[in-house]
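This report concerns only the one structure given below.
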Amino acid sequence: PRNQTLQLNDGNTIPQLGFGVWQVDADVAEDVVSQALKIGYRHIDTAKIYGNEEGVGRAIANSGIPREELFITTKLWNDDQGYESTLEAMDKSLERLGLDYVDLYLIHWSQPENGKYLDTWKAFQEIKASGKARSIGVSNFTEKALQDVLDTGTVPAAHQIELHPYFNQQRMRDMDAQHDIVTEAWSPLGQGKADLQDETIGRIAEAHGATPAQVIIAWHLAIGNVVFPKSVTPERIQENWDAQDVTLSPEEIEQITGLTRDDGRIGPDPADFND
Ligand code: NAD
């Protein structure tokens, strides 16, 4: 099935397969987002820190696709945390994107030692109330930071975390699910490194006449993650989209889930990342 959406806990829906643009220059972003939209992607994941909101915005403007058919996520960078600074940062992101609203606004990192995520979350609630973000959520939150946010009574719609076969985040996925928070998988392909070379994934790919990247994306979709693989290569942007046609058996899904490793993390640990 193509273009599947998931239900968010605030009543909105989110396309399960999207397109990520970390480490893509603004001018390249305009070009590759345009290609992705032509292929059929409707969900784009960017962030202030990626420096390409303008390029993403130009691609959206030039696409001719009605705004309501698109799902655009951006993220608040760490040095903008705090009540007033968050409200200002949202306005600046919207300006760069050339949009009246984003579909999802995320606190990029919890930054537990800086102690500002609750003030920031208060501003996020204000941003949702004003309609500048249809949904609000968090990214890279520790269990404690997520619990603190839950205790405010406003449950994040989504939690975006590093998640790929070698680092499957079962514990955090369970905590998210318990609160009806959709888990979004960042670096879903493990940044195109070890996960893609895995023997089990290679064997499953061969059995399906698919590529390892497609099998990994199919696994994310099957276990209920939102996923937005990044590529600047046209063939791969198409290949990743076509992963929606790969249906894994329950046994294959279990085998891939079993690949997780204690040393599978690639990016920073949210607990230790305070700038
Ligand atoms: P990814 O796991 O999507 O891997 C991307 C890399 O995999 C590409 O650069 C390419 O080398 C390779 N690749 C892509 N498609 C391929 C294919 N079909 N065949 C072979 N190789 C392929 O890595 P990512 O960019 O880190 O993560 C995806 C998105 O997640 C980002 O663009 C961004 O939107 C988001 N993200 C968020 C955070 C966060 O802190 N919230 C952090 C990192 C990434």
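Convention: chains lettered A, B, ... in structure tokens order; per-chain residue numbering from 1; ligands numbered from 1 as shown.
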Taking only C-alpha atoms and all ligand atoms into account, list the residues no farther than 8 Å from ligand 1, as a short mmCIF file (atom, residue, chain, number, x, y, z; two decimals) with C-alpha atoms, in the first residue's frame.
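out16.cif was written with the following content:
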data_model
loop_
_atom_site.label_atom_id
_atom_site.label_comp_id
_atom_site.auth_asym_id
_atom_site.auth_seq_id
_atom_site.Cartn_x
_atom_site.Cartn_y
_atom_site.Cartn_z
CA PHE A 19 11.86 12.46 2.83
CA GLY A 20 14.64 13.79 5.11
CA VAL A 21 17.04 16.59 4.19
CA TRP A 22 19.78 16.66 6.84
CA GLN A 23 23.19 17.47 5.31
CA VAL A 24 21.60 18.76 2.12
CA ILE A 44 9.33 16.45 4.25
CA ASP A 45 11.48 16.46 7.38
CA THR A 46 13.73 19.49 7.85
CA ALA A 47 15.07 21.57 10.76
CA LYS A 75 12.55 21.60 14.43
CA HIS A 108 15.17 19.00 18.34
CA TRP A 109 17.02 17.77 21.48
CA SER A 139 12.97 14.65 19.35
CA ASN A 140 15.88 13.03 21.18
CA GLN A 160 11.70 11.46 16.65
CA ILE A 161 14.66 9.30 17.70
CA GLU A 162 17.64 7.50 16.17
CA HIS A 164 17.47 1.51 12.64
CA ALA A 185 12.91 6.94 13.05
CA TRP A 186 15.87 9.17 12.24
CA SER A 187 18.85 7.79 10.37
CA PRO A 188 16.50 4.94 9.42
CA LEU A 189 19.14 3.38 7.13
CA GLY A 190 21.86 3.79 9.74
CA GLN A 191 23.19 6.60 7.54
CA GLY A 192 23.82 4.13 4.74
CA LYS A 193 26.62 2.29 6.57
CA LEU A 196 22.91 -1.74 4.78
CA THR A 211 17.47 -3.78 -2.22
CA PRO A 212 18.74 -3.73 1.39
CA ALA A 213 17.56 -0.11 1.75
CA GLN A 214 14.07 -1.13 0.64
CA VAL A 227 10.42 7.03 8.41
CA PHE A 228 12.13 9.59 6.12
CA PRO A 229 15.27 8.23 4.45
CA LYS A 230 17.58 10.84 2.97
CA SER A 231 19.15 10.67 -0.48
CA VAL A 232 20.29 13.19 -3.07
CA THR A 233 20.48 10.51 -5.78
CA GLU A 235 17.43 6.63 -8.46
CA ARG A 236 17.64 6.10 -4.71
CA ILE A 237 14.90 8.63 -3.96
CA GLU A 239 14.00 3.23 -4.86
CA ASN A 240 13.24 4.30 -1.29
CA GLY A 267 24.59 9.70 16.81
#
- Run DSSP on the backbone and give me the residues of segment 119-156 of chain A it puts in helix (DSSP H, G or I), as JSON, numbers by chain. {"A": [119, 120, 121, 122, 123, 124, 125, 126, 127, 128, 129, 130, 143, 144, 145, 146, 147, 148, 149, 150]}
- Identify, on the basis of only C-alpha atoms, every residue whose closest approach to segment 144-150 of chain A does not exceed 12 Å; exclude the query and any residue fewer than 2 positions from it along the same chain; express the result as an MDAnalysis selection string. chainID A and resid 107 109:122 124:125 136:142 152:160 172 175:176 178:181 270:271
- Query: Taking into account only C-alpha atoms, which residue in the set A:Pro234, A:Gln170, A:Val182, A:Val246 is nearest to Ala207 of chain A?
  - Reply: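 Checking each of A:Pro234, A:Gln170, A:Val182, A:Val246 against Ala207 of chain A, counting only C-alpha atoms, the winner is A:Val246.
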- Which residue gives the smallest distance to Tyr101 of chain A among A:Ala133, A:Val33, A:Ile72, A:Ile204, with only C-alpha atoms counted?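 Answer, going by the shortest atom-to-atom distance: A:Ala133.
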- Message: Given only C-alpha atoms as the basis, pick out the residue of A:Gly82, A:Ala243, A:Gly55, A:Arg171 nearest to Val32 of chain A.
- Response: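 Nearest to Val32 of chain A: A:Gly55.
Here the residues within segment 24-90 of chain A that DSSP labels strand (DSSP E or B) on the basis of the backbone are His43, Ile44, Asp45, Phe71, Ile72, Thr73, Thr74, Lys75 and Leu76 of chain A.
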- Query: From the set A:Asp195, A:Asp174, A:Glu95, A:Glu184, which residue has the shortest atom-to-atom contact distance to Leu6 of chain A, counting only C-alpha atoms?
  - Reply: A:Glu184
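The smallest atom-to-atom distance between Trp219 of chain A and any of A:Glu251, A:Glu30, A:Asp269, A:Asp25, using only C-alpha atoms, is found for A:Glu251.
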Contact table segment 204-244 of chain A vs segment 165-169 of chain A, cut-off 12 Å, shortest pair per residue, only C-alpha atoms, as JSON lines:
{"residue": "A:Pro212", "atom": "CA", "partner": "A:Pro165", "partner_atom": "CA", "distance": 11.4}
{"residue": "A:Ala213", "atom": "CA", "partner": "A:Pro165", "partner_atom": "CA", "distance": 11.1}
{"residue": "A:Val215", "atom": "CA", "partner": "A:Pro165", "partner_atom": "CA", "distance": 10.5}
{"residue": "A:Ile216", "atom": "CA", "partner": "A:Pro165", "partner_atom": "CA", "distance": 7.3}
{"residue": "A:Ile217", "atom": "CA", "partner": "A:Pro165", "partner_atom": "CA", "distance": 10.0}
{"residue": "A:Ala218", "atom": "CA", "partner": "A:Pro165", "partner_atom": "CA", "distance": 11.4}
{"residue": "A:Trp219", "atom": "CA", "partner": "A:Pro165", "partner_atom": "CA", "distance": 8.6}
{"residue": "A:His220", "atom": "CA", "partner": "A:Pro165", "partner_atom": "CA", "distance": 8.8}
{"residue": "A:Ile223", "atom": "CA", "partner": "A:Asn168", "partner_atom": "CA", "distance": 10.5}
{"residue": "A:Asn225", "atom": "CA", "partner": "A:Asn168", "partner_atom": "CA", "distance": 10.7}
- Task: To one decimal in Å, tell me the separation between atom CA of Gly131 of chain A and atom CA of Asp100 of chain A.
- Result: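 Between these atoms lies a distance of 8.6 Å.
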- Item | For Arg58 of chain A, the nearest of the candidates A:Leu70, A:Ile39, A:Ala26, A:Leu76, counting only C-alpha atoms | A:Ala26
